[in-house]
file final_23.pdb (PDB, C-alpha atoms, pLDDT in the B column)
ATOM      1  CA  MET A   1       0.000   0.000   0.000  1.00 77.00           C
ATOM      2  CA  SER A   2       1.426   3.387  -0.987  1.00 87.00           C
ATOM      3  CA  GLN A   3       1.730   6.301   1.423  1.00 89.00           C
ATOM      4  CA  SER A   4      -1.107   8.134  -0.321  1.00 87.00           C
ATOM      5  CA  GLU A   5      -3.353   5.059  -0.066  1.00 88.00           C
ATOM      6  CA  ARG A   6      -2.595   4.799   3.665  1.00 92.00           C
ATOM      7  CA  ILE A   7      -3.401   8.494   4.135  1.00 90.00           C
ATOM      8  CA  ALA A   8      -6.673   8.208   2.208  1.00 87.00           C
ATOM      9  CA  ASP A   9      -7.641   5.060   4.113  1.00 89.00           C
ATOM     10  CA  HIS A  10      -6.891   6.680   7.469  1.00 92.00           C
ATOM     11  CA  HIS A  11      -8.823   9.827   6.527  1.00 89.00           C
ATOM     12  CA  TYR A  12     -11.829   7.799   5.388  1.00 87.00           C
ATOM     13  CA  LYS A  13     -11.825   5.751   8.623  1.00 92.00           C
ATOM     14  CA  GLU A  14     -11.587   8.913  10.740  1.00 92.00           C
ATOM     15  CA  PHE A  15     -14.029  11.186   8.898  1.00 89.00           C
ATOM     16  CA  GLY A  16     -16.049   9.042   6.508  1.00 88.00           C
ATOM     17  CA  ASN A  17     -17.099  10.384   3.137  1.00 87.00           C
ATOM     18  CA  VAL A  18     -16.365  14.128   3.412  1.00 89.00           C
ATOM     19  CA  ASP A  19     -18.414  16.536   1.317  1.00 91.00           C
ATOM     20  CA  ILE A  20     -16.341  17.893  -1.571  1.00 92.00           C
ATOM     21  CA  ASN A  21     -17.196  21.475  -0.549  1.00 95.00           C
ATOM     22  CA  VAL A  22     -15.632  20.863   2.874  1.00 94.00           C
ATOM     23  CA  LEU A  23     -12.532  19.477   1.199  1.00 94.00           C
ATOM     24  CA  MET A  24     -12.230  22.481  -1.121  1.00 96.00           C
ATOM     25  CA  THR A  25     -12.691  24.866   1.810  1.00 97.00           C
ATOM     26  CA  LYS A  26      -9.942  23.045   3.689  1.00 97.00           C
ATOM     27  CA  LEU A  27      -7.631  23.324   0.674  1.00 97.00           C
ATOM     28  CA  THR A  28      -8.262  27.073   0.500  1.00 98.00           C
ATOM     29  CA  GLU A  29      -7.565  27.408   4.227  1.00 98.00           C
ATOM     30  CA  GLU A  30      -4.300  25.480   4.035  1.00 98.00           C
ATOM     31  CA  VAL A  31      -3.041  27.418   0.993  1.00 98.00           C
ATOM     32  CA  GLY A  32      -3.803  30.624   2.882  1.00 98.00           C
ATOM     33  CA  GLU A  33      -1.736  29.370   5.822  1.00 98.00           C
ATOM     34  CA  VAL A  34       1.192  28.641   3.479  1.00 98.00           C
ATOM     35  CA  ALA A  35       0.939  32.151   2.044  1.00 98.00           C
ATOM     36  CA  SER A  36       0.808  33.700   5.503  1.00 97.00           C
ATOM     37  CA  GLU A  37       3.892  31.887   6.765  1.00 97.00           C
ATOM     38  CA  VAL A  38       5.880  32.552   3.585  1.00 97.00           C
ATOM     39  CA  TYR A  39       4.996  36.245   3.899  1.00 97.00           C
ATOM     40  CA  ARG A  40       6.132  36.285   7.548  1.00 97.00           C
ATOM     41  CA  TRP A  41       9.344  34.459   6.677  1.00 96.00           C
ATOM     42  CA  HIS A  42      10.082  36.836   3.806  1.00 96.00           C
ATOM     43  CA  ARG A  43       9.528  39.851   6.072  1.00 95.00           C
ATOM     44  CA  THR A  44      11.607  38.572   9.026  1.00 95.00           C
ATOM     45  CA  TRP A  45      13.907  35.846   7.642  1.00 94.00           C
ATOM     46  CA  ASP A  46      12.981  33.984  10.842  1.00 94.00           C
ATOM     47  CA  GLU A  47      13.537  30.262  10.248  1.00 95.00           C
ATOM     48  CA  HIS A  48      10.561  29.517  12.508  1.00 96.00           C
ATOM     49  CA  HIS A  49       8.242  30.877   9.802  1.00 95.00           C
ATOM     50  CA  CYS A  50      10.112  28.946   7.123  1.00 96.00           C
ATOM     51  CA  ASP A  51       9.589  25.723   9.092  1.00 97.00           C
ATOM     52  CA  LYS A  52       5.918  26.547   9.619  1.00 97.00           C
ATOM     53  CA  ALA A  53       5.493  27.238   5.889  1.00 97.00           C
ATOM     54  CA  VAL A  54       6.995  23.850   5.056  1.00 98.00           C
ATOM     55  CA  ASN A  55       4.642  22.170   7.546  1.00 98.00           C
ATOM     56  CA  GLU A  56       1.677  23.958   5.981  1.00 98.00           C
ATOM     57  CA  ILE A  57       2.793  22.787   2.529  1.00 98.00           C
ATOM     58  CA  GLY A  58       2.598  19.275   3.956  1.00 97.00           C
ATOM     59  CA  ASP A  59      -0.976  19.952   5.048  1.00 97.00           C
ATOM     60  CA  VAL A  60      -1.805  21.123   1.513  1.00 98.00           C
ATOM     61  CA  LEU A  61      -0.372  17.870   0.171  1.00 96.00           C
ATOM     62  CA  ILE A  62      -2.577  15.850   2.535  1.00 95.00           C
ATOM     63  CA  VAL A  63      -5.690  17.706   1.370  1.00 96.00           C
ATOM     64  CA  LEU A  64      -4.629  17.234  -2.265  1.00 96.00           C
ATOM     65  CA  THR A  65      -4.148  13.535  -1.544  1.00 95.00           C
ATOM     66  CA  MET A  66      -7.738  13.376  -0.334  1.00 94.00           C
ATOM     67  CA  LEU A  67      -8.977  15.342  -3.331  1.00 94.00           C
ATOM     68  CA  CYS A  68      -7.228  12.863  -5.640  1.00 94.00           C
ATOM     69  CA  TYR A  69      -8.841  10.017  -3.669  1.00 91.00           C
ATOM     70  CA  TYR A  70     -12.299  11.488  -4.286  1.00 91.00           C
ATOM     71  CA  LEU A  71     -11.429  11.907  -7.965  1.00 93.00           C
ATOM     72  CA  ASN A  72     -10.293   8.267  -8.081  1.00 93.00           C
ATOM     73  CA  ALA A  73      -6.681   9.229  -8.781  1.00 94.00           C
ATOM     74  CA  ASP A  74      -3.425   8.588  -6.974  1.00 92.00           C
ATOM     75  CA  ILE A  75      -1.531  11.760  -6.037  1.00 94.00           C
ATOM     76  CA  GLU A  76       1.833  10.116  -6.649  1.00 93.00           C
ATOM     77  CA  THR A  77       0.779   9.223 -10.214  1.00 94.00           C
ATOM     78  CA  VAL A  78      -0.658  12.711 -10.710  1.00 96.00           C
ATOM     79  CA  TYR A  79       2.604  14.274  -9.463  1.00 95.00           C
ATOM     80  CA  LYS A  80       4.766  12.127 -11.744  1.00 96.00           C
ATOM     81  CA  ALA A  81       2.611  12.960 -14.791  1.00 96.00           C
ATOM     82  CA  ALA A  82       2.699  16.674 -13.947  1.00 95.00           C
ATOM     83  CA  GLY A  83       6.466  16.488 -13.524  1.00 94.00           C
ATOM     84  CA  GLU A  84       6.860  14.921 -16.944  1.00 94.00           C
ATOM     85  CA  ARG A  85       4.636  17.582 -18.535  1.00 93.00           C
ATOM     86  CA  PHE A  86       6.677  20.278 -16.800  1.00 91.00           C
ATOM     87  CA  LEU A  87      10.013  18.822 -17.873  1.00 92.00           C
ATOM     88  CA  ASN A  88       8.862  18.521 -21.467  1.00 91.00           C
ATOM     89  CA  ARG A  89       7.698  22.114 -21.784  1.00 88.00           C
ATOM     90  CA  THR A  90       9.596  24.540 -23.941  1.00 78.00           C
ATOM     91  CA  TRP A  91       9.923  27.898 -22.238  1.00 77.00           C
ATOM     92  CA  LYS A  92       9.978  30.940 -24.452  1.00 70.00           C
ATOM     93  CA  VAL A  93      11.560  34.113 -23.157  1.00 67.00           C
TER      94      VAL A  93
END
call {"tool": "encode", "arguments": {"input": "final_23.pdb", "output": "structure tokens"}}
result
Amino acid sequence: MSQSERIADHHYKEFGNVDINVLMTKLTEEVGEVASEVYRWHRTWDEHHCDKAVNEIGDVLIVLTMLCYYLNADIETVYKAAGERFLNRTWKV
């Protein structure tokens, strides 16, 4: 069982079938927390805010894992496919 499958399984056992609107609200909240901590870090260069931003990015990844679960996709597969698309892009300046 992959890490994302274990996360999705644990989430489902803890919370059941979560309404998609709740999940999208949670994603918005977590992205806002990332933005807030990055802003604080950029203003102060305090490593505490950098660490908090990284932790919040982790929370975003968990919510995205659950969103993929509800869309019947595996986040690791989605990430690999996105990485390949990104690496194969031609950037024009």
call {"tool": "resolve_selection", "arguments": {"input": "final_23.pdb", "expression": "the PyMOL selection byres ((chain A and resi 23) around 12)", "output": "list of chain:residue names"}}
result
A:His11, A:Phe15, A:Asn17, A:Val18, A:Asp19, A:Ile20, A:Asn21, A:Val22, A:Met24, A:Thr25, A:Lys26, A:Leu27, A:Thr28, A:Glu29, A:Glu30, A:Val60, A:Ile62, A:Val63, A:Leu64, A:Thr65, A:Met66, A:Leu67, A:Cys68, A:Tyr69, A:Tyr70, A:Leu71
call {"tool": "resolve_selection", "arguments": {"input": "final_23.pdb", "expression": "the PyMOL selection byres ((chain A and resi 35-39) around 8)", "output": "MDAnalysis selection string"}}
result
chainID A and resid 31:34 40:43 49:50 52:53
call {"tool": "atom_distance", "arguments": {"input": "final_23.pdb", "atom1": "CA of Leu61 (chain A)", "atom2": "CA of Arg85 (chain A)"}}
result
19.4 Å
call {"tool": "atom_distance", "arguments": {"input": "final_23.pdb", "atom1": "CA of Thr77 (chain A)", "atom2": "CA of Ser2 (chain A)"}}
result
10.9 Å
call {"tool": "axis_aligned_box", "arguments": {"input": "final_23.pdb", "around": "region 69-82 of chain A", "padding_each_side": "3 Å", "output": "JSON"}}
result
{"center_x": -3.8, "center_y": 12.5, "center_z": -9.2, "size_x": 23.1, "size_y": 14.4, "size_z": 17.1}
call {"tool": "atom_distance", "arguments": {"input": "final_23.pdb", "atom1": "CA of Ala82 (chain A)", "atom2": "CA of Asp9 (chain A)"}}
result
23.8 Å
call {"tool": "closest_residue", "arguments": {"input": "final_23.pdb", "among": "A:Leu87, A:Lys92, A:Ala73, A:Val78", "to": "Glu5 (chain A)", "atoms": "all atoms listed in the file"}}
result
A:Ala73
call {"tool": "closest_residue", "arguments": {"input": "final_23.pdb", "among": "A:Asn55, A:Ser4, A:Asn88, A:Thr44", "to": "Asp74 (chain A)", "atoms": "all atoms listed in the file"}}
result
A:Ser4
